[in-house]
Every structure is written in structure tokens, then in C-alpha cells.
>>> print(open('model26.cif').read())   # mmCIF, C-alpha atoms and all ligand atoms
data_final
#
loop_
_atom_site.label_atom_id
_atom_site.label_comp_id
_atom_site.auth_asym_id
_atom_site.auth_seq_id
_atom_site.Cartn_x
_atom_site.Cartn_y
_atom_site.Cartn_z
CA MET C 1 -3.19 23.09 22.73
CA ASN C 2 -4.88 23.73 19.42
CA VAL C 3 -7.04 20.79 18.40
CA VAL C 4 -9.08 20.31 15.27
CA ASP C 5 -12.56 18.85 15.39
CA PRO C 6 -12.58 16.10 12.72
CA TRP C 7 -16.20 16.85 11.84
CA ARG C 8 -15.44 20.45 11.01
CA ILE C 9 -12.91 19.35 8.42
CA GLU C 10 -15.13 16.62 7.05
CA GLU C 11 -15.17 18.26 3.63
CA GLU C 12 -11.39 18.01 3.47
CA ARG C 13 -11.49 14.24 3.78
CA THR C 14 -11.81 13.75 0.08
CA SER C 15 -9.97 16.85 -1.05
CA LEU C 16 -6.35 16.21 -0.13
CA PRO C 17 -4.98 16.85 -3.61
CA THR C 18 -3.11 14.09 -5.34
CA PRO C 19 0.48 15.25 -5.75
CA ARG C 20 2.17 15.65 -9.09
CA TRP C 21 4.01 12.35 -9.05
CA GLU C 22 6.57 13.30 -11.69
CA GLU C 23 7.63 16.35 -9.64
CA LEU C 24 8.03 14.30 -6.48
CA VAL C 25 10.17 11.76 -8.29
CA ALA C 26 12.24 14.54 -9.91
CA GLU C 27 12.83 16.31 -6.57
CA ALA C 28 13.87 12.95 -5.07
CA ARG C 29 13.55 13.97 -1.42
CA ASP C 30 14.31 10.73 0.39
CA LEU C 31 11.70 9.78 3.00
CA THR C 32 13.54 6.66 4.18
CA ALA C 33 14.48 8.13 7.56
CA VAL C 34 11.43 10.37 7.99
CA ILE C 35 9.34 9.64 11.07
CA LEU C 36 6.06 11.01 12.33
CA ASP C 37 6.37 11.68 16.05
CA LEU C 38 2.87 11.74 17.54
CA ASN C 39 4.17 13.08 20.87
CA HIS C 40 5.41 16.18 19.10
CA LEU C 41 2.52 16.48 16.67
CA ILE C 42 -0.26 16.78 19.26
CA HIS C 43 1.17 20.16 20.28
CA ARG C 44 1.07 21.55 16.78
CA SER C 45 -1.72 23.79 15.56
CA ASN C 46 -1.20 23.30 11.83
CA PRO C 47 -0.96 20.05 9.87
CA TRP C 48 2.38 18.35 9.44
CA GLN C 49 3.13 17.40 5.88
CA THR C 50 5.86 15.56 4.06
CA ALA C 51 6.35 14.55 0.45
CA GLY C 52 9.06 12.70 -1.36
CA VAL C 53 10.25 9.32 -2.51
CA LEU C 54 11.30 5.96 -1.12
CA PRO C 55 13.88 3.75 -2.85
CA SER C 56 13.02 0.10 -3.33
CA ASP C 57 15.39 -1.05 -0.55
CA ALA C 58 13.31 0.96 1.95
CA LEU C 59 10.31 -1.20 1.00
CA PRO C 60 11.54 -4.82 1.32
CA GLU C 61 8.12 -6.49 1.48
CA LEU C 62 6.80 -4.64 -1.57
CA SER C 63 10.03 -5.52 -3.40
CA LYS C 64 9.29 -9.20 -2.80
CA ALA C 65 5.86 -8.85 -4.42
CA GLY C 66 7.20 -7.28 -7.60
CA GLN C 67 9.93 -5.17 -9.09
CA ILE C 68 9.79 -1.48 -8.15
CA THR C 69 11.00 0.35 -11.24
CA THR C 70 11.01 4.00 -10.09
CA PRO C 71 11.23 5.39 -6.54
CA VAL C 72 7.89 5.15 -4.75
CA ALA C 73 6.37 8.62 -4.32
CA ALA C 74 4.27 9.68 -1.33
CA LEU C 75 2.52 12.67 0.16
CA ILE C 76 1.58 12.35 3.85
CA GLU C 77 -0.34 14.78 6.01
CA ALA C 78 -0.97 14.46 9.74
CA ARG C 79 -2.92 16.58 12.17
CA PRO C 80 -4.14 16.25 15.76
CA VAL C 81 -7.86 15.69 16.18
CA TRP C 82 -10.13 15.32 19.16
CA GLN C 83 -12.19 12.17 18.73
CA GLU C 84 -14.49 10.54 21.25
CA GLY C 85 -12.91 12.51 24.05
CA ARG C 86 -9.39 11.44 23.19
CA MET C 87 -6.45 12.90 21.38
CA ARG C 88 -5.71 11.21 18.10
CA VAL C 89 -3.62 11.95 15.07
CA TRP C 90 -5.38 11.79 11.77
CA VAL C 91 -3.05 10.69 8.97
CA ARG C 92 -3.95 10.76 5.34
CA GLY C 93 -2.11 10.82 2.07
CA HIS C 94 -1.41 9.34 -1.32
CA CYS C 95 1.31 7.02 -2.52
CA ARG C 96 2.25 5.54 -5.85
CA ALA C 97 4.58 2.82 -7.10
CA ASP C 98 5.62 1.86 -10.62
CA MET C 99 5.86 -1.92 -10.49
CA VAL C 100 6.62 -4.79 -12.79
CA MET C 101 4.58 -7.83 -11.75
CA THR C 102 4.47 -11.39 -13.01
CA CYS C 103 1.13 -12.59 -14.37
CA VAL C 104 -0.11 -15.61 -12.37
CA ARG C 105 -1.67 -17.10 -15.51
CA CYS C 106 0.88 -16.70 -18.32
CA LEU C 107 3.96 -15.88 -16.17
CA ALA C 108 4.75 -12.84 -18.35
CA ASP C 109 5.95 -9.62 -16.74
CA PHE C 110 3.66 -6.62 -17.03
CA PRO C 111 3.74 -3.02 -15.73
CA LEU C 112 1.45 -2.06 -12.86
CA ASP C 113 0.74 1.51 -11.80
CA LEU C 114 -0.05 0.98 -8.13
CA THR C 115 -1.66 3.81 -6.17
CA ALA C 116 -3.10 3.89 -2.66
CA SER C 117 -4.82 6.42 -0.46
CA ILE C 118 -3.96 6.60 3.22
CA GLN C 119 -6.61 7.27 5.83
CA ALA C 120 -5.92 6.29 9.43
CA TYR C 121 -6.05 7.44 13.04
CA TYR C 122 -3.23 6.92 15.50
CA ALA C 123 -2.99 7.27 19.25
CA VAL C 124 -0.05 7.10 21.65
CA GLY C 125 0.11 4.30 24.18
CA ALA C 126 -0.63 0.64 24.60
CA ASP C 127 -3.67 -0.70 22.77
CA PRO C 128 -6.54 -0.80 25.30
CA ALA C 129 -8.24 -3.53 23.26
CA ILE C 130 -5.41 -5.81 24.34
CA GLN C 131 -5.56 -4.69 27.98
CA SER C 132 -9.32 -4.80 28.45
CA ARG C 133 -11.96 -6.89 26.76
CA GLN C 134 -14.59 -4.28 27.44
CA TRP C 135 -12.98 -1.76 25.15
CA HIS C 136 -14.51 -1.81 21.68
CA ILE C 137 -12.13 -2.39 18.84
CA GLU C 138 -11.89 0.53 16.45
CA GLU C 139 -10.96 -0.47 12.94
CA ASP C 140 -9.10 2.58 11.73
CA LEU C 141 -7.35 3.37 15.00
CA GLU C 142 -3.87 2.10 15.70
CA PHE C 143 -1.97 2.53 18.95
CA LEU C 144 1.75 3.23 18.91
CA THR C 145 3.42 2.59 22.26
CA ASP C 146 6.31 4.98 21.56
CA GLY C 147 4.21 7.34 19.44
CA VAL C 148 6.59 7.05 16.51
CA LEU C 149 5.47 6.10 13.02
CA LYS C 150 7.96 5.43 10.24
CA ILE C 151 6.70 6.88 6.96
CA ARG C 152 8.23 4.04 4.96
CA HIS C 153 6.29 1.49 7.02
CA LEU C 154 3.04 3.37 6.55
CA VAL C 155 3.53 3.67 2.79
CA GLU C 156 4.62 0.05 2.37
CA GLU C 157 1.64 -1.27 4.32
CA GLU C 158 -0.84 0.70 2.22
CA LEU C 159 0.74 -0.32 -1.07
CA LEU C 160 0.81 -3.99 -0.04
CA LEU C 161 -2.91 -3.77 0.75
CA ALA C 162 -3.53 -2.21 -2.67
CA LEU C 163 -1.73 -4.99 -4.54
CA PRO C 164 -3.95 -7.34 -6.54
CA MET C 165 -4.32 -10.78 -4.89
CA HIS C 166 -3.86 -12.52 -8.25
CA PRO C 167 -2.00 -10.18 -10.58
CA VAL C 168 -2.89 -10.78 -14.23
CA CYS C 169 -1.41 -9.06 -17.30
CA VAL C 170 -4.88 -8.48 -18.78
CA SER C 171 -8.24 -9.41 -17.29
CA GLY C 172 -8.89 -12.07 -19.95
CA CYS C 173 -5.39 -13.62 -19.93
CA ALA C 174 -5.69 -17.15 -21.33
CA GLY C 175 -2.62 -18.37 -19.45
CA LEU C 176 -0.34 -21.26 -20.38
CA CYS C 177 -1.37 -24.64 -21.76
CA SER C 178 -1.07 -27.13 -18.92
CA ALA C 179 0.19 -29.78 -21.35
CA CYS C 180 2.75 -28.08 -23.60
CA GLY C 181 3.30 -24.78 -21.79
CA ALA C 182 2.41 -22.67 -24.83
CA ASP C 183 1.27 -19.12 -24.15
CA LEU C 184 -2.39 -19.39 -25.14
CA ASN C 185 -2.63 -15.61 -25.56
CA ARG C 186 -0.25 -15.86 -28.54
CA ASN C 187 -1.03 -19.15 -30.22
CA PRO C 188 -3.55 -21.87 -29.41
CA CYS C 189 -1.53 -25.09 -29.25
CA GLY C 190 -4.26 -27.61 -30.01
CA CYS C 191 -3.58 -29.82 -26.99
CA ARG C 192 -6.69 -31.68 -25.84
CA VAL C 193 -5.50 -33.79 -22.95
CA GLN C 194 -3.62 -32.67 -19.90
CA ALA C 195 -0.36 -34.61 -19.91
CA SER C 196 0.83 -35.53 -16.43
CA GLY C 197 4.48 -35.78 -17.39
CA SER C 198 4.72 -32.22 -18.66
CA PRO C 199 7.20 -29.93 -16.95
CA PHE C 200 4.28 -27.52 -16.68
CA ALA C 201 1.97 -30.06 -15.02
CA VAL C 202 2.50 -28.22 -11.75
CA LEU C 203 0.55 -25.34 -13.24
CA LYS C 204 -2.58 -27.46 -13.18
CA ASN C 205 -2.72 -26.94 -9.45
CA TRP C 206 -2.08 -23.24 -9.71
CA GLN C 207 -4.78 -21.16 -8.04
CA PHE C 208 -5.97 -18.97 -10.85
CA SER C 209 -8.15 -16.04 -9.92
ZN ZN C 301 -1.05 -13.18 -18.45
ZN ZN C 302 -0.66 -27.22 -25.40
#
>>> encode(input="model26.cif", output="C-alpha cells", more="lines below")
Ligand SMILES: [Zn+2]
Ligand SMILES: [Zn+2]
Amino acid sequence: MNVVDPWRIEEERTSLPTPRWEELVAEARDLTAVILDLNHLIHRSNPWQTAGVLPSDALPELSKAGQITTPVAALIEARPVWQEGRMRVWVRGHCRADMVMTCVRCLADFPLDLTASIQAYYAVGADPAIQSRQWHIEEDLEFLTDGVLKIRHLVEEELLLALPMHPVCVSGCAGLCSACGADLNRNPCGCRVQASGSPFAVLKNWQFS
């Protein structure tokens, strides 16, 4: 078994090159059914790598958050490492989504170039943190009982984490007038009081960031 010491490849942690996104999208290699099988990977000596795209229907949760306008592109690399006396699989990569989001302040749609870096360790088996309270919880380590990781799940999870909590079209978006509903970015409406009967009154309770 050929195992890599994670400390010896420390310098590579930051140097996994960002792929050329346009090329990945143009090649259109569909990653929907691609899985990373940890059971198989721990017997490999060289890194496993995959690159391609995911259509929006492979990413249902991300699709709920916004409109995915071009296939999501991803580059994923995985390699076995020996860490704290145990076999792990170190997974890293880059992913990118072209989104159209709705501004929480003015409700206008705006484009969002969403990118995320992947950096995680995986192990095969049941999570010992659940079995034993003595085991310390490791933040970046995830246990997979069957040892199988779906690439689309990995990519979707990272992109969801990278999404802004309160998406705004521009950082200084003035939003809508709570009385008349006018877009205050375009024209100040002159309203002074907040009318309770306005159809936009509900926006008064909106949690703006
Ligand atoms: Zn806005
Ligand atoms: Zn107004």
C-alpha cells in the first residue's frame, strides 16, 4: 500500500490549480453519476482526479437557492493519506456556479459568480464520535459507512456553504420603500411614514442584512 504523508505534501495544499472553467463547461463531461469510492482509493498510489460539469437538476438544493444559468463546473482530487495513525482520504478541489439570485432588499435579480474550494478528509466506517464520547470530534473529518462519496453531493454542499446568507445586488442596495414599494435605488419616492395598509408592508419585517 502506497500512502502519502500529508505533511510532505503540505506545499501542495494551496497549489491545486484552479481549472479553466470555460474549458470544463465546453467539454461538458457529466459528473452526475461519478462517485468516489474510498475503499478502492486507499489502494491507489497516485491521486484520483475528476473534472467536469453538473447540470442544475443534479443540484436540487442549490437550484432552490437561485437559478443556475450554466452547468456547474468542478475539479476534484482525492488521495490516500496517513493521518494520526489512520487511513484517510484527502479530498480537495474547486467548483464554480453561475447563478442568478434575488436581492433580499430590492427583490431584483442579479448575477452571482459563486466559487468554492473543497478541502476535507474522509474515512470509511461508522463515526466513532457517535459510538464513543471519549473520541474527540475532528472538524474536517467525515466518516462514510459505505465509503462512497457522490461528487454531486460534495460539490453541492460546498457551494451551498459559499452562498451569501443575505444576497444583495450591490453592497449599498437601498431596497424598496416599505410604504409605496418604489425601488429606492432608482428613484426616491418621498414617502415619510410607513403605511400599514401597503401591499409591501410585509417587507417591514424582512430581515435585511
Ligand atoms: Zn438590491
Ligand atoms: Zn415610498
>>> residues_near_ligand(input="model26.cif", ligand="ligand ZN 302 (chain C)", cutoff="6 Å", atoms="only C-alpha atoms and all ligand atoms", output="ChimeraX atom specification")
/C:177,179-182,189-191
>>> residues_near_ligand(input="model26.cif", ligand="ligand ZN 301 (chain C)", cutoff="7 Å", atoms="only C-alpha atoms and all ligand atoms", output="PyMOL selection string")
chain C and resi 103-108+168-170+173-175
>>> closest_residue(input="model26.cif", among="C:Leu38, C:Met99, C:Ala162, C:Leu144", to="C:Ile118", atoms="all atoms listed in the file")
C:Ala162
>>> closest_residue(input="model26.cif", among="C:Arg96, C:Arg44, C:Arg186, C:His153", to="C:Ala73", atoms="all atoms listed in the file")
C:Arg96
>>> atom_distance(input="model26.cif", atom1="atom CA of C:Trp82", atom2="atom CA of C:Gly52")
28.2 Å
>>> atom_distance(input="model26.cif", atom1="atom CA of C:Pro128", atom2="atom CA of C:His94")
28.9 Å
>>> residues_around(input="model26.cif", residues="C:Ser117", least_positions_apart="6", cutoff="10 Å", atoms="only C-alpha atoms", output="VMD selection string")
chain C and resid 16 18 74 to 76 92 to 96 155 158 to 159 162
>>> closest_residue(input="model26.cif", among="C:Pro55, C:Gly147, C:Pro60, C:Pro167", to="C:Phe110", atoms="all atoms listed in the file")
C:Pro167
>>> atom_distance(input="model26.cif", atom1="atom CA of C:Thr145", atom2="atom CA of C:Leu163")
28.3 Å
>>> closest_residue(input="model26.cif", among="C:Leu149, C:Ala97, C:Val91, C:Val81", to="C:Tyr121", atoms="all atoms listed in the file")
C:Val91
>>> residues_around(input="model26.cif", residues="C:Arg29", least_positions_apart="5", cutoff="10 Å", atoms="all atoms listed in the file", output="PyMOL selection string")
chain C and resi 24+50-54+73
>>> build_atoms(input="model26.cif", residues="stretch 66-98 of chain C", atoms="N, CA and C atoms", output="PDB file, keeping the file's coordinate frame")
ATOM      1  N   GLY C  66       6.982  -7.664  -6.217  1.00  0.00           N
ATOM      2  CA  GLY C  66       7.200  -7.280  -7.600  1.00  0.00           C
ATOM      3  C   GLY C  66       8.398  -6.364  -7.690  1.00  0.00           C
ATOM      4  N   GLN C  67       8.766  -6.034  -8.902  1.00  0.00           N
ATOM      5  CA  GLN C  67       9.930  -5.170  -9.090  1.00  0.00           C
ATOM      6  C   GLN C  67       9.482  -3.711  -9.084  1.00  0.00           C
ATOM      7  N   ILE C  68      10.103  -2.908  -8.217  1.00  0.00           N
ATOM      8  CA  ILE C  68       9.790  -1.480  -8.150  1.00  0.00           C
ATOM      9  C   ILE C  68      10.724  -0.778  -9.123  1.00  0.00           C
ATOM     10  N   THR C  69      10.148  -0.158 -10.162  1.00  0.00           N
ATOM     11  CA  THR C  69      11.000   0.350 -11.240  1.00  0.00           C
ATOM     12  C   THR C  69      11.426   1.800 -11.069  1.00  0.00           C
ATOM     13  N   THR C  70      10.597   2.621 -10.405  1.00  0.00           N
ATOM     14  CA  THR C  70      11.010   4.000 -10.090  1.00  0.00           C
ATOM     15  C   THR C  70      10.766   4.210  -8.603  1.00  0.00           C
ATOM     16  N   PRO C  71      11.461   5.187  -7.969  1.00  0.00           N
ATOM     17  CA  PRO C  71      11.230   5.390  -6.540  1.00  0.00           C
ATOM     18  C   PRO C  71       9.741   5.622  -6.247  1.00  0.00           C
ATOM     19  N   VAL C  72       9.295   5.038  -5.144  1.00  0.00           N
ATOM     20  CA  VAL C  72       7.890   5.150  -4.750  1.00  0.00           C
ATOM     21  C   VAL C  72       7.664   6.574  -4.210  1.00  0.00           C
ATOM     22  N   ALA C  73       6.639   7.241  -4.718  1.00  0.00           N
ATOM     23  CA  ALA C  73       6.370   8.620  -4.320  1.00  0.00           C
ATOM     24  C   ALA C  73       5.225   8.653  -3.308  1.00  0.00           C
ATOM     25  N   ALA C  74       5.313   9.592  -2.350  1.00  0.00           N
ATOM     26  CA  ALA C  74       4.270   9.680  -1.330  1.00  0.00           C
ATOM     27  C   ALA C  74       4.094  11.103  -0.843  1.00  0.00           C
ATOM     28  N   LEU C  75       2.864  11.413  -0.509  1.00  0.00           N
ATOM     29  CA  LEU C  75       2.520  12.670   0.160  1.00  0.00           C
ATOM     30  C   LEU C  75       1.743  12.282   1.411  1.00  0.00           C
ATOM     31  N   ILE C  76       2.222  12.714   2.586  1.00  0.00           N
ATOM     32  CA  ILE C  76       1.580  12.350   3.850  1.00  0.00           C
ATOM     33  C   ILE C  76       1.264  13.617   4.631  1.00  0.00           C
ATOM     34  N   GLU C  77       0.048  13.661   5.158  1.00  0.00           N
ATOM     35  CA  GLU C  77      -0.340  14.780   6.010  1.00  0.00           C
ATOM     36  C   GLU C  77      -0.835  14.226   7.334  1.00  0.00           C
ATOM     37  N   ALA C  78      -0.504  14.907   8.425  1.00  0.00           N
ATOM     38  CA  ALA C  78      -0.970  14.460   9.740  1.00  0.00           C
ATOM     39  C   ALA C  78      -1.395  15.666  10.554  1.00  0.00           C
ATOM     40  N   ARG C  79      -2.474  15.493  11.320  1.00  0.00           N
ATOM     41  CA  ARG C  79      -2.920  16.580  12.170  1.00  0.00           C
ATOM     42  C   ARG C  79      -3.602  16.016  13.419  1.00  0.00           C
ATOM     43  N   PRO C  80      -3.470  16.729  14.547  1.00  0.00           N
ATOM     44  CA  PRO C  80      -4.140  16.250  15.760  1.00  0.00           C
ATOM     45  C   PRO C  80      -5.637  16.486  15.667  1.00  0.00           C
ATOM     46  N   VAL C  81      -6.404  15.537  16.138  1.00  0.00           N
ATOM     47  CA  VAL C  81      -7.860  15.690  16.180  1.00  0.00           C
ATOM     48  C   VAL C  81      -8.364  15.201  17.537  1.00  0.00           C
ATOM     49  N   TRP C  82      -9.489  15.721  17.924  1.00  0.00           N
ATOM     50  CA  TRP C  82     -10.130  15.320  19.160  1.00  0.00           C
ATOM     51  C   TRP C  82     -11.275  14.407  18.775  1.00  0.00           C
ATOM     52  N   GLN C  83     -11.202  13.145  19.190  1.00  0.00           N
ATOM     53  CA  GLN C  83     -12.190  12.170  18.730  1.00  0.00           C
ATOM     54  C   GLN C  83     -12.626  11.329  19.911  1.00  0.00           C
ATOM     55  N   GLU C  84     -13.915  11.314  20.151  1.00  0.00           N
ATOM     56  CA  GLU C  84     -14.490  10.540  21.250  1.00  0.00           C
ATOM     57  C   GLU C  84     -13.780  10.827  22.571  1.00  0.00           C
ATOM     58  N   GLY C  85     -13.506  12.105  22.782  1.00  0.00           N
ATOM     59  CA  GLY C  85     -12.910  12.510  24.050  1.00  0.00           C
ATOM     60  C   GLY C  85     -11.438  12.174  24.207  1.00  0.00           C
ATOM     61  N   ARG C  86     -10.807  11.801  23.113  1.00  0.00           N
ATOM     62  CA  ARG C  86      -9.390  11.440  23.190  1.00  0.00           C
ATOM     63  C   ARG C  86      -8.603  12.122  22.084  1.00  0.00           C
ATOM     64  N   MET C  87      -7.335  12.309  22.375  1.00  0.00           N
ATOM     65  CA  MET C  87      -6.450  12.900  21.380  1.00  0.00           C
ATOM     66  C   MET C  87      -5.976  11.828  20.407  1.00  0.00           C
ATOM     67  N   ARG C  88      -6.197  12.117  19.136  1.00  0.00           N
ATOM     68  CA  ARG C  88      -5.710  11.210  18.100  1.00  0.00           C
ATOM     69  C   ARG C  88      -4.952  12.006  17.052  1.00  0.00           C
ATOM     70  N   VAL C  89      -4.252  11.312  16.222  1.00  0.00           N
ATOM     71  CA  VAL C  89      -3.620  11.950  15.070  1.00  0.00           C
ATOM     72  C   VAL C  89      -4.219  11.338  13.822  1.00  0.00           C
ATOM     73  N   TRP C  90      -4.742  12.208  13.019  1.00  0.00           N
ATOM     74  CA  TRP C  90      -5.380  11.790  11.770  1.00  0.00           C
ATOM     75  C   TRP C  90      -4.334  11.872  10.658  1.00  0.00           C
ATOM     76  N   VAL C  91      -4.072  10.758  10.018  1.00  0.00           N
ATOM     77  CA  VAL C  91      -3.050  10.690   8.970  1.00  0.00           C
ATOM     78  C   VAL C  91      -3.730  10.341   7.658  1.00  0.00           C
ATOM     79  N   ARG C  92      -3.412  11.082   6.660  1.00  0.00           N
ATOM     80  CA  ARG C  92      -3.950  10.760   5.340  1.00  0.00           C
ATOM     81  C   ARG C  92      -2.902  11.090   4.291  1.00  0.00           C
ATOM     82  N   GLY C  93      -3.095  10.560   3.115  1.00  0.00           N
ATOM     83  CA  GLY C  93      -2.110  10.820   2.070  1.00  0.00           C
ATOM     84  C   GLY C  93      -2.341   9.980   0.837  1.00  0.00           C
ATOM     85  N   HIS C  94      -1.382  10.092  -0.060  1.00  0.00           N
ATOM     86  CA  HIS C  94      -1.410   9.340  -1.320  1.00  0.00           C
ATOM     87  C   HIS C  94      -0.027   8.747  -1.551  1.00  0.00           C
ATOM     88  N   CYS C  95       0.013   7.575  -2.134  1.00  0.00           N
ATOM     89  CA  CYS C  95       1.310   7.020  -2.520  1.00  0.00           C
ATOM     90  C   CYS C  95       1.164   6.256  -3.837  1.00  0.00           C
ATOM     91  N   ARG C  96       2.290   6.147  -4.517  1.00  0.00           N
ATOM     92  CA  ARG C  96       2.250   5.540  -5.850  1.00  0.00           C
ATOM     93  C   ARG C  96       3.550   4.796  -6.124  1.00  0.00           C
ATOM     94  N   ALA C  97       3.408   3.623  -6.731  1.00  0.00           N
ATOM     95  CA  ALA C  97       4.580   2.820  -7.100  1.00  0.00           C
ATOM     96  C   ALA C  97       4.442   2.346  -8.533  1.00  0.00           C
ATOM     97  N   ASP C  98       5.529   2.462  -9.276  1.00  0.00           N
ATOM     98  CA  ASP C  98       5.620   1.860 -10.620  1.00  0.00           C
ATOM     99  C   ASP C  98       6.209   0.472 -10.423  1.00  0.00           C
TER     100      ASP C  98
END
